[in-house]
Structure formats: C-alpha cells, structure tokens
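The structure appears right after this line, and notes come after that.
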Amino acid sequence: MGPSPSEVDVVIIGSGQAALATAYFLRRTGLSFVLLDAEQAPGGAWQHAWKSLRLFSPASWSSIAGRQMPADTVGYPTRDDVIDYLADYERHYRVPVERPVLVDEVRREGERLSVGSGSRRWLARAVVSATGTWRHRFIPPYPGLEDYIGRQLHSADYVEPRPFAGKRVLVVGGGNSGAQILAEVSTVATTSWVTLAPPLFLADEVDGRVLFARATERWKAQREGRAIDLPVGGLGDIVMVPPVRDARERGALHAVRPFSKFTVTGVVWPDGSGEAIDAVIWCTGFRPALAHLQALDLIEQDGRVQVDGTRASKCSNLWLVGYGDWTGAASATLIGVTRTARSTVAEIRSELATRTSDL
Ligand code: FAD
C-alpha cells in the first residue's frame with residue numbers, strides 16, 4: 001500500500017504552454033487543480049530546443065491567455081525568451097505545479113481517474129493531458145540502420161553545430177527543424193539534406209502570423225462546413241527565417257530524395273553509389289507523448305486518442321490539449337492553444353457541475 005492519494009477536481013499533466021493556458025482558465029472556475037510536470041524547471045519542451053532557435057512570429061503573436069510576452073527583444077523571440085516568459089507566467093498566476101513528477105499511469109477508479117507517479121497518487125474528477133510530443137521522437141525505419149556506427153541524434157537533442165565541425169553530415173527531414181538545423185550545420189560541416197519530397201518553402205515575407213491566420217480561416221470554415229481554398233501554407237511549411245535565407249544564398253539548401261539503405265559507415269544512394277557519413281541528424285518529427293494513458297486502452301493505431309473537440313471519446317473525464325491540429329487547429333502553437341484551452345475548461349466546468357456522485 002502506498003500513501004493515500006491526494007484528491008483534487010482536476011489534474012493537468014504537463015506544464016508547457018498548453019497546460020498553463022488551461023490552468024489560466026481553470027483558476028477562474030473555483031475548481032481545485034494541480035499541474036504535474038516531468039521537467040526540473042518551467043518552460044516545457046522549449047528547454048530542450050536548440051540554442052539559436054527563434055520563433056516564427058513576433059512576441060505579440062506568441063503569447064498565451066491573459067499575459068503578453070514582452071516585446072522588448074530584437075527580432076523574433078528566442079528560445080530563452082519563451083522559457084523566461086513561461087516561467088514568469090507560472091509565477092505571476094501562482095500556478096500550482098509539482099515537479100519533477102513524471103506521470104506513469106492514468107487509470108479509471110469508479111467515476112474518477114487515478115493519476116500515478118511511482119508511489120504517489122492523485123484522485124481526480126477530471127484529467128487534462130497536456131504532455132506535448134517532445135518525449136516521443138519519431139525516426140523512420142531504414143534498412144541497415146542497426147548496423148550504422150556513425151553518430152545519430154534526433155533534432156530533440158540537437159543543441160548547436162560545433163560538434164559537427166569538419167564532418168560529413170546528413171540532415172533528414174523536410175520541415176522547419178530540418179531546414180534550420182541544416183542551415184546552421186552547413187556553416188561548419190559538409191551536409192546533404194534528405195527529404196521525402198521537395199521541401200515547401202514559403203515566400204520570404206511570410207511568417208507565423210500568416211500561417212496562423214490561415215489556420216484560423218480553415219478552423220472557421222471547418223466549423224461552418226464551408227469548403228476553403230487557401231494558398232500553400234500549412235504550419236509545417238518552411239518559413240524563410242534569416243539563417244535559412246543565408247543557407248539558400250550559400251547554395252546549401254538543396255534537398256535530395258532518400259538513400260536506399262545504411263551501411264556500417266554510411267549510406268547507399270538510389271543510383272547504387274555509396275557515401276561515408278559521419279553523422280545523421282533526424283529532423284523527422286514527433287508523436288504525441290501518451291505512454292501514461294496506456295492503461296485506459298484508448299490509444300489508436302496512429303498513436304493518437306479519438307477526441308470530440310479535446311475530450312476523449314472513450315473516457316468522458318479526460319481531455320487532451322496541445323499536441324497538434326487533431327486537438328484543435330494550431331493548438332500546438334503558443335497563440336493557437338488559448339482557443340482550445342478555453343473551450344476545454346468550459347466543458348470541464350459544465351461536466352463537473354452535473355456530477356455529484358463522485359464528490
Ligand atoms: P510541451 O512544451 O512539450 O510541454 C509538455 C510538458 O509535459 C513538458 O514539460 C513535459 O516534460 C511534460 N510531460 C510529458 N510527459 C509527461 C508525463 N508523463 N508526466 C508529467 N509530465 C510530462 N510554436 C509557436 O507558437 N511558434 C513557433 O515559432 C514555434 N516554433 C517551433 C520550433 C520547433 C523546432 C518546435 C519543435 C516547435 C515549435 N513550435 C512553435 C511548436 C510548439 O509551440 C511547441 O511544440 C510547444 O512546446 C508545445 O507545447 P505543449 O505545452 O503542448 O507541450
């Protein structure tokens with residue numbers, strides 16, 4: 001028998017931007033709640049982003065509910081600006097976060113959900129999972145990968161270009177991480193950029209503001225059942241931030257289609273030629289970090305949970321906030337998550353108001 005569980009109306013798992021925006025709306029409801037976060041410090045996944053990372057949009061377009069990110073930085077905010085902003089947000093609103101607490105299991109307990117971390121347990125009337133994707137990296141299967149002895153790392157662990165100086169490096173992945181990491185590694189190393197299809201570059205003057213406006217248009221059209229024809233500009237298309245433009249000027253932004261297999265020391269290209277490669281940087285994305293929901297038996301083949309809005313279809317007191325468009329258009333962005341956090345809390349509030357049996 002472990003210690004007796006703490007009882008609370010709502011447990012939010014995580015304390016990144018999605019969790020904090022949800023907490024912002026929850027504090028106005030009078031419901032009791034706690035955030036459980038696996039990190040040592042505030043800032044969610046931004047703490048692990050590479051050193052030189054800059055956002056795609058100015059501070060005024062990169063803020064969550066209630067409090068603007070300070071706009072006194074030069075250019076677009078840096079990774080550290082976002083971490084400072086989220087840490088300040090937590091302090092300002094006195095958000096009740098416990099960390100480091102890695103939730104390893106959520107299971108049904110009568111009408112409530114039991115949230116476990118090692119020997120600790122919380123008993124909640126509702127749970128919001130806001131665990132993002134950083135803890136679940138995706139690397140595509142390639143023949144021979146297990147034999148390759150060169151260095152490999154995922155963009156989630158990439159910090160700076162220095163360790164790659166003078167090396168022969170493959171950057172794999174055609175999104176913004178791939179383009180930005182290629183841009184800086186190619187200043188010190190010989191690089192090849194491998195993408196499944198030719199990358200989609202946005203016009204130089206297009207930034208995150210335009211992408212978010214388009215995502216909002218799509219969201220509205222979807223709600224109103226309208227067909228919509230917008231120009232290219234998914235949130236994954238490549239924004240021509242200054243380092244990427246610089247790489248284009250240097251001729252380093254050239255992408256090729258994938259190699260056919262790994263060898264012990266490199267790769268074999270589709271024409272049969274082999275090439276020695278010192279390191280591979282996988283910029284191949286993430287999947288939702290949902291291992292803690294395994295016991296609820298609701299994770300689908302595609303690694304997601306079926307939702308109505310943000311509410312799990314198969315578990316009426318579980319909500320998922322952040323993650324990606326499947327939990328609300330642009331909900332994996334700073335500016336976009338406020339909309340889904342607000343609607344999530346409105347649902348939790350009315351759901352808990354109708355439940356008295358589990359009080
Ligand atoms: P996270 O920030 O990942 O927070 C989740 C938290 O939950 C973390 O602290 C994590 O440790 C914790 N956690 C996970 N599992 C558990 C568990 N089992 N128990 C307890 N805690 C757990 N967005 C923009 O708006 N503008 C941009 O310019 C932009 N640029 C980006 C550039 C890159 C390279 C990347 C990767 C993303 C970018 N994004 C941008 C997207 C987005 O803002 C981030 O992915 C964001 O971090 C998602 O926030 P979140 O709160 O959903 O998840």
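Scheme for the structure tokens: letters A, B, ... for chains in order shown; per-chain residue numbers from 1; ligand numbers from 1 in order shown.
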
Query - At most 7 Å from ligand 1 (only C-alpha atoms and all ligand atoms): residue list as a count of residues only - result: 44

Requested in this report: For Ala21 of chain A, work out the shell of residues within 8 Å, counting only C-alpha atoms and skipping chain neighbours fewer than 3 positions away, then give it as a ChimeraX atom specification.
Outcome: /A:17-18,24-25,64-65,337-338,341-342

Would you save the residues from that selection as a compact mmCIF listing (two decimals), in the first residue's frame, using C-alpha atoms?
```
# COMPACT_ATOMS: atom_id res chain seq x y z
CA GLN A 17 2.17 26.33 -22.72
CA ALA A 18 -0.88 24.05 -23.24
CA TYR A 24 -5.32 30.14 -16.63
CA PHE A 25 -8.98 29.39 -17.38
CA ILE A 64 -0.89 32.55 -24.29
CA ALA A 65 -4.05 33.61 -22.46
CA VAL A 337 -3.63 26.94 -27.76
CA THR A 338 -5.69 29.59 -25.93
CA ALA A 341 -7.73 25.66 -23.50
CA ARG A 342 -10.75 27.95 -23.09
```

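Taking segment 104-138 of chain A and asking which residues DSSP calls strand (DSSP E or B) on the backbone, you get Glu105, Val106, Arg107, Arg108, Glu109, Arg112, Leu113, Ser114, Val115, Gly116, Ser117, Arg120, Arg121, Trp122, Leu123, Ala124, Arg125, Ala126, Val127, Val128, Ser129 and Arg137 of chain A.
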
Query - Pick from A:Val206, A:Ala353, A:Val244, A:Ile277 nearest to Ile181 of chain A, counting only C-alpha atoms - result: A:Val244

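The space separating atom CA of Leu352 of chain A from atom CA of Val307 of chain A comes to 18.5 Å.
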
Requested in this report: Once DSSP has gone over the backbone, tell me which residues of segment 126-233 of chain A are in alpha helix (DSSP H), as a list in words.
Outcome: Asn176, Ser177, Gly178, Ala179, Gln180, Ile181, Leu182, Ala183, Glu184, Val185, Gly208, Arg209, Val210, Leu211, Phe212, Ala213, Arg214, Ala215, Thr216, Glu217, Arg218, Trp219, Lys220, Ala221, Gln222 and Arg223 of chain A

Report task. Excluding Phe286 of chain A and any residue of its chain fewer than 4 positions from it, enumerate the residues within 6 Å of it, using only C-alpha atoms, and give them as an MDAnalysis selection string. Result -> chainID A and resid 133 136:138

What would the file look like if the residues just selected were written as a PDB file, in the first residue's frame with N, CA, C and O atoms?
```
ATOM      1  N   THR A 133       4.824  16.559 -27.301  1.00  0.00           N
ATOM      2  CA  THR A 133       5.360  15.495 -28.162  1.00  0.00           C
ATOM      3  C   THR A 133       6.858  15.255 -27.933  1.00  0.00           C
ATOM      4  O   THR A 133       7.409  14.277 -28.440  1.00  0.00           O
ATOM      5  N   HIS A 136       8.428  11.898 -27.275  1.00  0.00           N
ATOM      6  CA  HIS A 136       8.154  10.770 -28.177  1.00  0.00           C
ATOM      7  C   HIS A 136       8.667  11.097 -29.585  1.00  0.00           C
ATOM      8  O   HIS A 136       7.911  11.503 -30.457  1.00  0.00           O
ATOM      9  N   ARG A 137       9.975  10.920 -29.772  1.00  0.00           N
ATOM     10  CA  ARG A 137      10.581  11.236 -31.070  1.00  0.00           C
ATOM     11  C   ARG A 137      10.237  10.169 -32.100  1.00  0.00           C
ATOM     12  O   ARG A 137      10.126   9.005 -31.744  1.00  0.00           O
ATOM     13  N   PHE A 138      10.195  10.573 -33.351  1.00  0.00           N
ATOM     14  CA  PHE A 138       9.974   9.607 -34.422  1.00  0.00           C
ATOM     15  C   PHE A 138      11.208   9.527 -35.318  1.00  0.00           C
ATOM     16  O   PHE A 138      11.713  10.551 -35.792  1.00  0.00           O
TER      17      PHE A 138
END
```

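Atom to atom, atom CA of Val127 of chain A and atom CA of Asn317 of chain A stand 6.3 Å apart.
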